[in-house]
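A.B. asks: So here's model31.cif (mmCIF, C-alpha atoms and all ligand atoms).
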```cif
data_run
loop_
_atom_site.label_atom_id
_atom_site.label_comp_id
_atom_site.auth_asym_id
_atom_site.auth_seq_id
_atom_site.Cartn_x
_atom_site.Cartn_y
_atom_site.Cartn_z
CA MET J 1 102.11 88.18 102.27
CA ILE J 2 99.16 86.92 104.31
CA ARG J 3 99.89 86.05 107.91
CA ILE J 4 97.26 84.41 110.06
CA ASP J 5 98.31 84.84 113.66
CA SER J 6 96.67 82.73 116.36
CA VAL J 7 93.17 83.27 114.97
CA THR J 8 90.08 81.81 116.62
CA LYS J 9 86.50 82.00 115.32
CA ARG J 10 83.71 81.30 117.74
CA TYR J 11 80.24 81.61 116.18
CA PRO J 12 77.47 83.13 118.35
CA ASP J 13 76.05 79.65 119.11
CA GLY J 14 79.37 78.70 120.70
CA THR J 15 80.75 76.60 117.80
CA VAL J 16 84.52 76.96 117.63
CA ALA J 17 85.06 76.80 113.85
CA VAL J 18 88.74 77.80 113.93
CA ASP J 19 90.97 77.35 116.94
CA ARG J 20 94.20 79.36 117.38
CA LEU J 21 95.25 78.95 113.77
CA SER J 22 98.60 80.36 112.68
CA LEU J 23 99.76 80.22 109.06
CA GLU J 24 102.20 82.15 106.89
CA ILE J 25 100.78 82.11 103.38
CA PRO J 26 103.63 82.67 100.96
CA ASP J 27 103.51 85.25 98.23
CA ARG J 28 102.76 84.37 94.59
CA SER J 29 102.04 80.70 95.17
CA ILE J 30 99.09 78.42 95.83
CA THR J 31 98.35 77.56 99.47
CA VAL J 32 95.68 74.90 99.89
CA LEU J 33 93.53 74.47 102.99
CA VAL J 34 92.34 70.88 103.13
CA GLY J 35 90.56 68.76 105.71
CA PRO J 36 87.35 66.91 106.50
CA SER J 37 83.93 68.57 106.30
CA GLY J 38 83.36 71.14 109.03
CA CYS J 39 87.03 71.59 110.00
CA GLY J 40 86.89 75.36 109.43
CA LYS J 41 88.34 75.80 105.92
CA THR J 42 85.63 78.12 104.59
CA THR J 43 85.57 80.10 107.83
CA THR J 44 89.35 80.62 107.56
CA LEU J 45 89.08 81.74 103.93
CA ARG J 46 86.27 84.15 104.71
CA MET J 47 88.20 85.70 107.56
CA ILE J 48 90.87 86.70 105.04
CA ASN J 49 88.44 88.96 103.14
CA ARG J 50 86.48 89.82 106.30
CA MET J 51 83.24 88.16 105.28
CA VAL J 52 83.68 86.60 108.73
CA GLU J 53 85.38 88.50 111.55
CA PRO J 54 87.76 86.59 113.86
CA SER J 55 86.90 86.34 117.57
CA GLU J 56 90.58 86.46 118.51
CA GLY J 57 93.91 86.86 116.77
CA THR J 58 95.01 88.94 113.80
CA ILE J 59 95.41 88.56 110.05
CA LEU J 60 98.08 90.63 108.35
CA LEU J 61 98.19 91.46 104.65
CA ASP J 62 101.59 92.79 103.57
CA GLY J 63 102.37 93.34 107.23
CA LYS J 64 99.22 95.41 107.90
CA ASP J 65 96.34 94.27 110.13
CA ILE J 66 93.32 93.77 107.85
CA GLN J 67 91.05 95.03 110.64
CA GLN J 68 92.60 98.47 110.12
CA GLN J 69 91.69 98.57 106.42
CA PRO J 70 88.35 99.58 104.92
CA VAL J 71 86.51 96.38 103.89
CA ASN J 72 85.93 97.61 100.33
CA THR J 73 89.59 98.39 99.71
CA LEU J 74 90.55 95.01 101.15
CA ARG J 75 88.07 93.08 98.99
CA ARG J 76 89.16 94.91 95.87
CA SER J 77 92.60 93.39 96.34
CA MET J 78 91.13 89.90 96.59
CA GLY J 79 89.31 87.96 93.88
CA TYR J 80 86.84 85.42 95.26
CA VAL J 81 85.70 82.24 93.50
CA ILE J 82 83.11 79.84 94.92
CA GLN J 83 81.58 76.49 94.05
CA ASN J 84 79.02 76.76 91.23
CA ALA J 85 80.66 80.06 90.28
CA GLY J 86 77.87 82.24 91.78
CA LEU J 87 77.33 84.16 88.54
CA PHE J 88 74.71 86.83 88.00
CA GLN J 89 72.06 84.93 86.06
CA HIS J 90 70.52 87.99 84.38
CA ARG J 91 73.84 89.26 83.01
CA THR J 92 75.74 88.05 79.96
CA ILE J 93 79.06 86.25 80.38
CA LEU J 94 80.94 89.33 79.25
CA ASP J 95 79.11 91.57 81.71
CA ASN J 96 79.58 89.06 84.52
CA ILE J 97 83.33 89.19 83.98
CA ALA J 98 83.29 92.98 83.63
CA THR J 99 81.45 93.45 86.96
CA VAL J 100 84.36 94.55 89.13
CA PRO J 101 86.07 96.80 86.56
CA ARG J 102 82.66 98.51 86.07
CA LEU J 103 82.32 98.97 89.83
CA LEU J 104 85.78 100.50 89.83
CA GLY J 105 84.61 103.01 87.19
CA TRP J 106 86.66 101.73 84.25
CA GLY J 107 83.99 102.61 81.66
CA LYS J 108 81.95 100.18 79.58
CA GLU J 109 84.28 99.64 76.63
CA LYS J 110 87.47 99.28 78.63
CA SER J 111 85.76 96.85 81.04
CA ARG J 112 84.42 94.74 78.20
CA ALA J 113 87.77 94.70 76.44
CA ARG J 114 89.34 93.47 79.66
CA ALA J 115 86.59 90.84 79.99
CA ARG J 116 87.30 89.58 76.45
CA GLU J 117 90.99 89.33 77.24
CA LEU J 118 90.18 87.28 80.35
CA MET J 119 87.85 84.94 78.49
CA GLU J 120 90.77 84.02 76.30
CA ARG J 121 93.09 83.67 79.29
CA VAL J 122 90.82 81.15 81.04
CA GLY J 123 90.20 79.18 77.84
CA LEU J 124 86.65 80.36 77.01
CA ASP J 125 85.57 80.75 73.40
CA GLY J 126 84.80 84.41 72.64
CA ALA J 127 81.55 83.27 70.98
CA LEU J 128 80.14 82.63 74.48
CA ALA J 129 80.42 86.33 75.44
CA LYS J 130 76.78 87.18 74.75
CA ARG J 131 75.31 84.07 76.37
CA TYR J 132 73.78 83.91 79.84
CA PRO J 133 75.15 81.63 82.58
CA TYR J 134 72.35 79.03 82.21
CA GLN J 135 73.48 78.52 78.60
CA LEU J 136 76.93 77.32 79.72
CA SER J 137 78.16 73.98 81.09
CA GLY J 138 79.25 73.73 84.73
CA GLY J 139 82.91 73.74 83.74
CA GLN J 140 82.48 76.81 81.53
CA GLN J 141 80.65 78.62 84.33
CA GLN J 142 83.55 77.89 86.67
CA ARG J 143 85.93 79.42 84.13
CA VAL J 144 83.74 82.52 84.02
CA GLY J 145 83.95 82.61 87.84
CA VAL J 146 87.75 82.55 87.68
CA ALA J 147 87.82 85.21 84.92
CA ARG J 148 85.49 87.45 86.95
CA ALA J 149 87.70 87.11 90.04
CA LEU J 150 90.77 88.05 87.99
CA ALA J 151 89.16 90.98 86.15
CA ALA J 152 90.57 93.81 88.24
CA ASP J 153 93.94 92.04 88.51
CA PRO J 154 93.89 91.58 92.30
CA PRO J 155 97.12 90.27 93.86
CA VAL J 156 95.19 87.73 95.95
CA LEU J 157 92.72 85.06 94.83
CA LEU J 158 90.53 83.24 97.36
CA MET J 159 88.99 80.05 95.98
CA ASP J 160 86.43 78.03 97.94
CA GLU J 161 85.97 74.52 96.50
CA PRO J 162 85.78 76.10 93.04
CA PHE J 163 85.95 72.82 91.11
CA SER J 164 83.95 70.50 93.37
CA ALA J 165 80.71 70.54 91.41
CA VAL J 166 82.06 69.35 88.05
CA ASP J 167 82.89 65.85 86.80
CA PRO J 168 86.44 64.49 87.20
CA VAL J 169 87.52 65.08 83.59
CA VAL J 170 86.35 68.71 83.52
CA ARG J 171 87.83 69.14 86.97
CA LYS J 172 91.26 68.00 85.82
CA GLY J 173 91.03 70.47 82.92
CA LEU J 174 90.19 73.31 85.30
CA GLN J 175 93.05 72.37 87.64
CA ASP J 176 95.55 72.30 84.75
CA GLU J 177 94.22 75.64 83.54
CA LEU J 178 94.60 77.16 87.01
CA LEU J 179 98.23 75.99 87.20
CA ARG J 180 98.90 77.46 83.77
CA ILE J 181 97.26 80.80 84.63
CA GLN J 182 99.15 80.88 87.91
CA GLU J 183 102.45 80.37 86.07
CA GLU J 184 101.63 83.41 83.92
CA LEU J 185 100.14 85.67 86.58
CA GLY J 186 101.83 84.69 89.86
CA LYS J 187 98.91 85.48 92.20
CA THR J 188 98.81 84.67 95.89
CA ILE J 189 96.11 82.00 95.91
CA VAL J 190 94.38 80.50 98.93
CA PHE J 191 92.44 77.45 97.77
CA VAL J 192 89.97 75.44 99.87
CA THR J 193 89.19 71.82 99.05
CA HIS J 194 88.26 68.61 100.86
CA ASP J 195 90.02 66.56 98.17
CA ILE J 196 93.57 65.64 99.15
CA ASP J 197 94.53 64.75 95.56
CA GLU J 198 93.51 68.22 94.42
CA ALA J 199 95.49 69.70 97.33
CA VAL J 200 98.62 67.74 96.46
CA LYS J 201 98.33 68.61 92.78
CA LEU J 202 97.74 72.34 93.16
CA GLY J 203 99.42 73.35 96.39
CA THR J 204 102.87 74.82 96.77
CA MET J 205 102.04 74.58 100.46
CA VAL J 206 99.24 72.49 101.96
CA ALA J 207 97.60 73.16 105.33
CA VAL J 208 95.83 70.06 106.63
CA MET J 209 93.16 71.02 109.17
CA ARG J 210 91.41 68.72 111.60
CA THR J 211 87.91 68.87 113.05
CA GLY J 212 87.75 71.59 115.67
CA GLY J 213 89.52 74.07 113.40
CA ARG J 214 93.07 73.20 114.35
CA LEU J 215 96.08 72.90 112.10
CA ALA J 216 97.37 69.35 111.77
CA GLN J 217 100.28 70.01 109.39
CA PHE J 218 101.53 72.76 107.10
CA ALA J 219 104.04 71.56 104.52
CA PRO J 220 104.82 71.27 100.80
CA PRO J 221 102.92 68.31 99.29
CA ALA J 222 105.98 66.08 98.81
CA GLU J 223 106.92 66.49 102.46
CA LEU J 224 103.35 65.80 103.55
CA LEU J 225 103.37 62.52 101.62
CA THR J 226 106.80 61.53 102.95
CA ASP J 227 106.45 62.60 106.51
CA PRO J 228 102.87 62.94 107.79
CA ALA J 229 102.88 64.64 111.19
CA ASP J 230 100.57 62.10 112.87
CA SER J 231 98.08 59.31 112.26
CA PHE J 232 95.27 61.77 111.45
CA VAL J 233 97.26 63.24 108.54
CA GLU J 234 98.41 59.77 107.50
CA ASP J 235 94.84 58.46 107.38
CA PHE J 236 93.67 61.57 105.55
CA LEU J 237 96.36 61.08 102.88
CA GLY J 238 95.05 57.57 102.14
CA THR J 239 96.72 54.23 101.57
CA ASP J 240 98.66 54.85 98.36
CA ARG J 241 100.69 57.84 99.48
CA GLY J 242 103.96 56.06 98.64
CA ILE J 243 102.91 55.75 95.00
CA ARG J 244 101.51 59.29 94.89
CA ARG J 245 104.74 60.66 96.23
CA LEU J 246 106.53 59.36 93.15
CA SER J 247 104.77 62.15 91.19
CA PHE J 248 107.35 64.51 92.68
CA PHE J 249 110.36 62.68 91.28
CA PRO J 250 111.19 63.24 87.60
CA SER J 251 111.64 60.26 85.29
CA ALA J 252 114.44 62.11 83.51
CA GLY J 253 117.20 60.45 85.57
CA LEU J 254 116.15 56.90 84.64
CA GLU J 255 118.74 54.80 82.91
CA LEU J 256 117.14 53.97 79.56
CA LEU J 257 118.27 51.18 77.24
CA THR J 258 118.31 52.05 73.54
CA ALA J 259 119.81 48.83 72.16
CA PRO J 260 116.46 46.97 72.24
CA ILE J 261 114.81 49.61 70.01
CA VAL J 262 114.63 48.33 66.45
CA ALA J 263 113.03 50.01 63.47
CA SER J 264 110.85 47.73 61.37
CA ASP J 265 113.47 47.73 58.60
CA THR J 266 116.38 46.74 60.86
CA THR J 267 118.09 43.61 59.54
CA ASP J 268 118.76 40.44 61.57
CA GLU J 269 122.50 41.07 61.18
CA GLN J 270 122.15 44.57 62.64
CA ILE J 271 120.18 43.17 65.59
CA ALA J 272 122.73 40.39 66.12
CA ALA J 273 125.47 43.02 66.39
CA ARG J 274 123.84 44.68 69.40
CA ASP J 275 124.40 43.96 73.06
CA LEU J 276 120.97 42.73 74.21
CA THR J 277 122.06 40.83 77.34
CA ASP J 278 119.74 42.77 79.65
CA ALA J 279 116.76 42.93 77.30
CA PRO J 280 114.40 39.98 76.88
CA TYR J 281 112.23 41.97 74.46
CA LEU J 282 112.78 44.24 71.48
CA LEU J 283 110.71 47.36 70.99
CA VAL J 284 109.78 47.59 67.33
CA THR J 285 109.17 51.06 65.89
CA ASP J 286 107.99 52.39 62.55
CA LEU J 287 110.46 54.16 60.26
CA ASP J 288 109.76 57.45 62.06
CA GLY J 289 110.84 55.94 65.40
CA LYS J 290 107.31 55.68 66.84
CA PRO J 291 106.66 52.52 68.89
CA LEU J 292 104.64 49.70 67.32
CA GLY J 293 104.95 46.93 69.92
CA TRP J 294 107.18 44.36 71.60
CA ALA J 295 108.76 41.31 70.01
CA GLU J 296 110.49 38.55 71.94
CA ARG J 297 114.25 38.59 71.49
CA ASP J 298 115.66 35.74 69.40
CA THR J 299 112.44 35.27 67.44
CA GLU J 300 111.72 36.57 63.98
CA ILE J 301 110.09 40.01 64.01
CA ASP J 302 106.60 39.99 62.56
CA THR J 303 105.03 43.47 62.82
CA ALA J 304 101.56 41.91 62.57
CA ARG J 305 102.13 39.88 65.75
CA LEU J 306 103.65 42.27 68.28
CA LEU J 307 102.69 42.53 71.94
CA PRO J 308 101.03 45.90 72.69
CA TYR J 309 103.47 48.41 74.16
CA GLY J 310 100.78 50.10 76.26
CA ARG J 311 101.01 53.75 77.25
CA PRO J 312 104.48 55.31 77.02
CA PHE J 313 105.83 58.02 79.35
CA VAL J 314 107.39 61.27 78.18
CA VAL J 315 110.87 61.29 79.55
CA ALA J 316 111.31 65.07 79.73
CA THR J 317 108.11 65.85 81.61
CA ASP J 318 106.68 62.74 83.26
CA SER J 319 107.40 61.54 86.79
CA LEU J 320 108.65 58.26 88.18
CA ARG J 321 105.01 57.52 89.00
CA ALA J 322 104.10 57.68 85.31
CA ALA J 323 107.10 55.50 84.39
CA LEU J 324 106.18 52.92 87.04
CA ASP J 325 102.57 52.92 85.90
CA CYS J 326 103.66 52.25 82.30
CA ALA J 327 105.88 49.37 83.39
CA VAL J 328 103.14 47.85 85.58
CA LEU J 329 100.64 48.03 82.73
CA SER J 330 103.05 46.76 80.07
CA PRO J 331 102.62 43.05 79.14
CA THR J 332 106.43 42.70 79.17
CA GLY J 333 107.00 44.56 82.46
CA TRP J 334 109.10 47.09 80.55
CA ALA J 335 108.08 50.73 80.10
CA VAL J 336 108.56 52.69 76.89
CA ALA J 337 109.99 56.21 77.14
CA VAL J 338 109.24 58.63 74.32
CA ASP J 339 110.39 62.15 73.43
CA GLY J 340 108.05 65.12 72.95
CA GLU J 341 107.23 63.95 69.42
CA GLY J 342 106.26 60.45 70.53
CA ARG J 343 109.43 58.76 69.21
CA ALA J 344 110.93 55.95 71.27
CA ALA J 345 113.71 57.32 73.48
CA GLY J 346 114.46 54.11 75.37
CA VAL J 347 113.01 51.23 77.36
CA VAL J 348 113.29 50.55 81.08
CA SER J 349 112.45 47.57 83.27
CA GLN J 350 110.41 47.52 86.49
CA GLN J 351 113.59 46.55 88.27
CA THR J 352 115.51 49.62 87.07
CA ILE J 353 112.56 51.85 87.99
CA GLY J 354 112.54 50.23 91.44
CA GLU J 355 116.23 51.05 91.88
CA ALA J 356 115.61 54.66 90.77
CA ILE J 357 112.77 54.93 93.33
CA ARG J 358 115.03 53.73 96.12
CA GLY J 359 117.70 56.21 95.00
CA ALA J 360 115.20 59.09 94.89
CA HIS J 361 113.90 58.25 98.39
CA ALA J 362 117.40 58.15 99.82
CA LYS J 363 118.30 61.48 98.18
CA SER J 364 115.11 63.16 99.39
CA ALA J 365 115.67 61.91 102.97
CA THR J 366 119.17 63.42 102.95
CA THR J 367 117.90 66.74 101.56
CA GLN J 368 115.15 66.92 104.18
CA LYS J 369 117.59 66.16 106.98
CA ALA J 370 119.86 68.93 105.75
CA ALA J 371 116.93 71.37 105.60
CA ARG J 372 115.93 70.74 109.23
N1 LIG B 1 77.31 80.93 110.74
C1 LIG B 1 77.61 79.87 111.49
N2 LIG B 1 77.09 79.71 112.73
C2 LIG B 1 77.41 78.66 113.51
N3 LIG B 1 78.27 77.70 113.13
C3 LIG B 1 78.82 77.79 111.92
C4 LIG B 1 78.51 78.87 111.03
N4 LIG B 1 79.22 78.70 109.89
C5 LIG B 1 79.93 77.55 110.05
N5 LIG B 1 79.68 77.01 111.26
C6 LIG B 1 80.27 75.80 111.83
O1 LIG B 1 81.68 75.98 111.91
C7 LIG B 1 82.36 74.79 111.59
C8 LIG B 1 83.31 75.04 110.44
O2 LIG B 1 82.55 75.36 109.28
P1 LIG B 1 83.24 75.67 107.86
O3 LIG B 1 82.16 75.93 106.89
O4 LIG B 1 84.28 76.69 108.04
O5 LIG B 1 83.92 74.25 107.58
P2 LIG B 1 84.51 73.65 106.23
O6 LIG B 1 85.76 72.95 106.62
O7 LIG B 1 84.60 74.68 105.19
O8 LIG B 1 83.40 72.58 105.86
P3 LIG B 1 82.93 71.98 104.41
O9 LIG B 1 84.09 71.25 103.84
O10 LIG B 1 81.82 71.04 104.80
O11 LIG B 1 82.48 73.13 103.60
C9 LIG B 1 81.29 73.75 111.30
O12 LIG B 1 81.07 73.02 112.47
C10 LIG B 1 80.08 74.58 110.95
O13 LIG B 1 78.89 73.91 111.27
#
```
Before we go any further, please render this structure as C-alpha cells.
C.D. replies:
Amino acid sequence: MIRIDSVTKRYPDGTVAVDRLSLEIPDRSITVLVGPSGCGKTTTLRMINRMVEPSEGTILLDGKDIQQQPVNTLRRSMGYVIQNAGLFQHRTILDNIATVPRLLGWGKEKSRARARELMERVGLDGALAKRYPYQLSGGQQQRVGVARALAADPPVLLMDEPFSAVDPVVRKGLQDELLRIQEELGKTIVFVTHDIDEAVKLGTMVAVMRTGGRLAQFAPPAELLTDPADSFVEDFLGTDRGIRRLSFFPSAGLELLTAPIVASDTTDEQIAARDLTDAPYLLVTDLDGKPLGWAERDTEIDTARLLPYGRPFVVATDSLRAALDCAVLSPTGWAVAVDGEGRAAGVVSQQTIGEAIRGAHAKSATTQKAAR
C-alpha cells in the first residue's frame, strides 16, 4: 500500500537524514522502523504524510505518488500519534478525540458519539470524557492519542515512539491494546521505535535502520532474530536473541507427560499402577485439577510440604520461550502446563523442551530455505 522508492532526505544544513531508502510497507499490518537515535526514523515517517518533503525519490500510496495529492486529503487518510500524545490541553478528552470528525464537518453530536465509541475501543473509561488532559495519567493520555488518530477511521496510522514516555508496565498494556485493536481494525500501521523488543513484539515486518539513514535489514521479526543481515543488526538485536526467538514457536507441540499428575485424593495403589519411569517428581493438584506443588516420587505425599511449582505456561497460547522459562525457574527443572482454566494439562522436563527447540530450529531452517 505504501511504497518508499529510493528516497533521500537532505536537510538544508547538509545533514543526510535518510539515504536512498526503499521499502514496501504491506497493507493492513504493522511495519516497525527501528534503529539507533538519529538514524532517520522520524524523518521517514514524516515524509509519508508530507510533514517533511523528500529531496529525492518517490513515495506511493495505493500506487499514486503522494506528491501529486493535496496535503490535506493525504493527511486525512493518515492518523498520526506521537510521544506524549500531543493533546489539546484546553479541550476535554471527548473533544480531543472528536477533533478530526469535527474538522470534517460531521456535526457535534455525531462526532461526540464517535469519540465515545473510540474511548471504549482503546480501553478508556467513559467517565473520563469530560476531563482535561492534565487530569489523566501518561498511559491514559496515550490512549486518547490513539483514539484521536483513529477517529475518522483512516486506513493508515503513523505512530512515532507513541509509548516511549510511559513506564514498562503501562507500556506493555498499551502494546497489547494496540495489537488487539489492530486485529479488529486491520489498519496499515507504520510504527517508529528505538526499542528492539517493542519492534519484535509489534511488527509484522521490521525495518532496521542504521546511522546515516540507510536500511540495514527489512524482515519479519522471527527472520531478523534467526538471520541478522550483518554484525550491526546482530549487535542491535542484543545478546539473548536465541532465547527471544523462541517466542515465535508455539509450546503446543511439546510432548507432555500426564502420568505424574496426581490429585490430592489419589491413593498410593493408584499411583503405583502408573508408569512413572521418566518422572522423578509428581505434580500434586487439588480436586479441581489445579496445581499445588511437586512431591518427590516414591515418598509419601504431604500437601503441606510440597515444592513450589512456580509459574505454569498455558499450553494453547504460550510459546516455547514461556515453557523454557517455567522449567528454568522450577525447583525441579520441570515445567507445568495448564489449560485455559488453570488446570494441570501435563508436565515437561528441560530436556524435552530442549529437544523441541532443536526440532523447531531445524524445521524453521528448512522452511526458510524453501522460501528463498
Ligand atoms: N530539521 C532538521 N534540520 C537538520 N537536521 C535534522 C532536522 N531534523 C532531523 N535532523 C537530523 O537528521 C537525522 C535524523 O533525524 P530523525 O529525527 O529522523 O532521527 P530518528 O531516528 O527519528 O532519531 P530519534 O530516535 O533520536 O528520534 C539526525 O541526524 C537529525 O539530527
A.B. asks: How close does range 53-120 of chain J get to range 17-30 of chain J? List, as CSV, each residue of range 53-120 of chain J within 10 Å, its nearest atom pair and the distance in Å to one decimal, counting all atoms listed in the file.
C.D. replies:
```
residue,atom,partner,partner_atom,distance
J:Pro54,CA,J:Val18,CA,8.8
J:Ser55,CA,J:Val18,CA,9.5
J:Glu56,CA,J:Arg20,CA,8.0
J:Gly57,CA,J:Arg20,CA,7.5
J:Thr58,CA,J:Ser22,CA,9.4
J:Ile59,CA,J:Ser22,CA,9.2
J:Leu60,CA,J:Glu24,CA,9.5
J:Leu61,CA,J:Ile25,CA,9.8
J:Asp62,CA,J:Asp27,CA,9.4
```
A.B. asks: What residues of the protein or nucleic acid chains come within 10 Å of ligand LIG 1 (chain B) when you use only C-alpha atoms and all ligand atoms? Reply as a VMD selection string.
C.D. replies: chain J and resid 9 to 18 33 to 47 52 160 to 161 192 to 195 209 to 213
A.B. asks: Of the candidates J:Thr277, J:Gln135, J:Leu158, J:Lys108, which shows the shortest atom-to-atom distance to Met51 in chain J, using only C-alpha atoms?
C.D. replies: J:Leu158
A.B. asks: So how many Å separate CA of Leu246 in chain J and CA of Leu320 in chain J, to one decimal?
C.D. replies: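 So the answer is 5.5 Å.
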A.B. asks: Smallest atom-to-atom distance to Asp268 in chain J: which of J:Asp125, J:Glu300, J:Asp227, J:Asp197, using only C-alpha atoms?
C.D. replies: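 Under the stated criterion, the closest residue is J:Glu300.
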A.B. asks: Do you have the CA of Arg116 in chain J-CA of Gln83 in chain J distance handy?
C.D. replies: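 Separating CA of Arg116 in chain J from CA of Gln83 in chain J is a distance of 22.7 Å.
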A.B. asks: Neighbours of range 323-325 of chain J within 9 Å (all atoms listed in the file; same-chain residues fewer than 6 positions away dropped), as a list in words?
C.D. replies: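 The contact residues come out as Leu246, Ser251, Arg311, Pro312, Phe313, Val314, Val315, Ala335, Val336, Ala337, Val348, Gln350, Ile353 and Gly354 of chain J.
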A.B. asks: Can you write out the residues you just picked, keeping C-alpha atoms, as a CSV table (one decimal), in the frame of the given file?
C.D. replies:
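out_22.csv, freshly written:
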```csv
chain,number,residue,atom,x,y,z
J,246,LEU,CA,106.5,59.4,93.2
J,251,SER,CA,111.6,60.3,85.3
J,311,ARG,CA,101.0,53.8,77.2
J,312,PRO,CA,104.5,55.3,77.0
J,313,PHE,CA,105.8,58.0,79.4
J,314,VAL,CA,107.4,61.3,78.2
J,315,VAL,CA,110.9,61.3,79.6
J,335,ALA,CA,108.1,50.7,80.1
J,336,VAL,CA,108.6,52.7,76.9
J,337,ALA,CA,110.0,56.2,77.1
J,348,VAL,CA,113.3,50.6,81.1
J,350,GLN,CA,110.4,47.5,86.5
J,353,ILE,CA,112.6,51.8,88.0
J,354,GLY,CA,112.5,50.2,91.4
```
A.B. asks: If you count all atoms listed in the file, which residues fall within 8 Å of Leu179 in chain J, apart from same-chain ones fewer than 4 positions away, as a list in words?
C.D. replies: Gln175, Glu183 and Leu202 of chain J
A.B. asks: Could you write range 306-327 of chain J of the block just shown to a file containing N, CA and C atoms, as an mmCIF file, in the first residue's frame?
C.D. replies:
```
data_model
loop_
_atom_site.group_PDB
_atom_site.id
_atom_site.type_symbol
_atom_site.label_atom_id
_atom_site.label_comp_id
_atom_site.auth_asym_id
_atom_site.auth_seq_id
_atom_site.Cartn_x
_atom_site.Cartn_y
_atom_site.Cartn_z
ATOM 1 N N LEU J 306 4.991 -29.500 49.993
ATOM 2 C CA LEU J 306 5.295 -29.656 48.562
ATOM 3 C C LEU J 306 6.311 -28.596 48.127
ATOM 4 N N LEU J 307 7.074 -28.926 47.084
ATOM 5 C CA LEU J 307 7.959 -27.906 46.497
ATOM 6 C C LEU J 307 7.097 -26.980 45.638
ATOM 7 N N PRO J 308 7.392 -25.672 45.615
ATOM 8 C CA PRO J 308 6.552 -24.773 44.803
ATOM 9 C C PRO J 308 6.656 -25.139 43.314
ATOM 10 N N TYR J 309 5.536 -25.026 42.602
ATOM 11 C CA TYR J 309 5.559 -25.421 41.188
ATOM 12 C C TYR J 309 5.893 -24.230 40.275
ATOM 13 N N GLY J 310 6.015 -23.046 40.879
ATOM 14 C CA GLY J 310 6.424 -21.866 40.107
ATOM 15 C C GLY J 310 5.307 -21.359 39.226
ATOM 16 N N ARG J 311 5.685 -20.753 38.107
ATOM 17 C CA ARG J 311 4.687 -20.186 37.191
ATOM 18 C C ARG J 311 4.432 -21.223 36.090
ATOM 19 N N PRO J 312 3.166 -21.575 35.834
ATOM 20 C CA PRO J 312 2.918 -22.521 34.753
ATOM 21 C C PRO J 312 2.825 -21.813 33.393
ATOM 22 N N PHE J 313 2.874 -22.549 32.300
ATOM 23 C CA PHE J 313 2.604 -21.948 30.996
ATOM 24 C C PHE J 313 1.288 -22.490 30.454
ATOM 25 N N VAL J 314 0.632 -21.675 29.638
ATOM 26 C CA VAL J 314 -0.662 -22.068 29.073
ATOM 27 C C VAL J 314 -0.387 -22.730 27.731
ATOM 28 N N VAL J 315 -0.716 -23.986 27.643
ATOM 29 C CA VAL J 315 -0.247 -24.762 26.509
ATOM 30 C C VAL J 315 -0.854 -24.300 25.174
ATOM 31 N N ALA J 316 -2.064 -23.768 25.202
ATOM 32 C CA ALA J 316 -2.692 -23.374 23.934
ATOM 33 C C ALA J 316 -2.140 -22.072 23.385
ATOM 34 N N THR J 317 -1.656 -21.190 24.263
ATOM 35 C CA THR J 317 -1.306 -19.854 23.786
ATOM 36 C C THR J 317 0.153 -19.474 24.001
ATOM 37 N N ASP J 318 0.831 -20.106 24.943
ATOM 38 C CA ASP J 318 2.198 -19.674 25.246
ATOM 39 C C ASP J 318 3.220 -20.283 24.284
ATOM 40 N N SER J 319 4.402 -19.656 24.264
ATOM 41 C CA SER J 319 5.451 -20.074 23.332
ATOM 42 C C SER J 319 6.432 -21.018 24.023
ATOM 43 N N LEU J 320 7.367 -21.522 23.226
ATOM 44 C CA LEU J 320 8.436 -22.347 23.795
ATOM 45 C C LEU J 320 9.280 -21.535 24.762
ATOM 46 N N ARG J 321 9.360 -20.211 24.519
ATOM 47 C CA ARG J 321 10.124 -19.364 25.435
ATOM 48 C C ARG J 321 9.501 -19.385 26.831
ATOM 49 N N ALA J 322 8.171 -19.284 26.878
ATOM 50 C CA ALA J 322 7.472 -19.306 28.166
ATOM 51 C C ALA J 322 7.668 -20.655 28.840
ATOM 52 N N ALA J 323 7.586 -21.746 28.056
ATOM 53 C CA ALA J 323 7.743 -23.088 28.626
ATOM 54 C C ALA J 323 9.154 -23.251 29.195
ATOM 55 N N LEU J 324 10.152 -22.776 28.426
ATOM 56 C CA LEU J 324 11.540 -22.899 28.888
ATOM 57 C C LEU J 324 11.748 -22.093 30.173
ATOM 58 N N ASP J 325 11.174 -20.899 30.191
ATOM 59 C CA ASP J 325 11.307 -20.032 31.352
ATOM 60 C C ASP J 325 10.720 -20.722 32.600
ATOM 61 N N CYS J 326 9.572 -21.359 32.434
ATOM 62 C CA CYS J 326 8.936 -22.056 33.554
ATOM 63 C C CYS J 326 9.840 -23.177 34.051
ATOM 64 N N ALA J 327 10.422 -23.921 33.105
ATOM 65 C CA ALA J 327 11.277 -25.051 33.503
ATOM 66 C C ALA J 327 12.542 -24.556 34.199
#
```
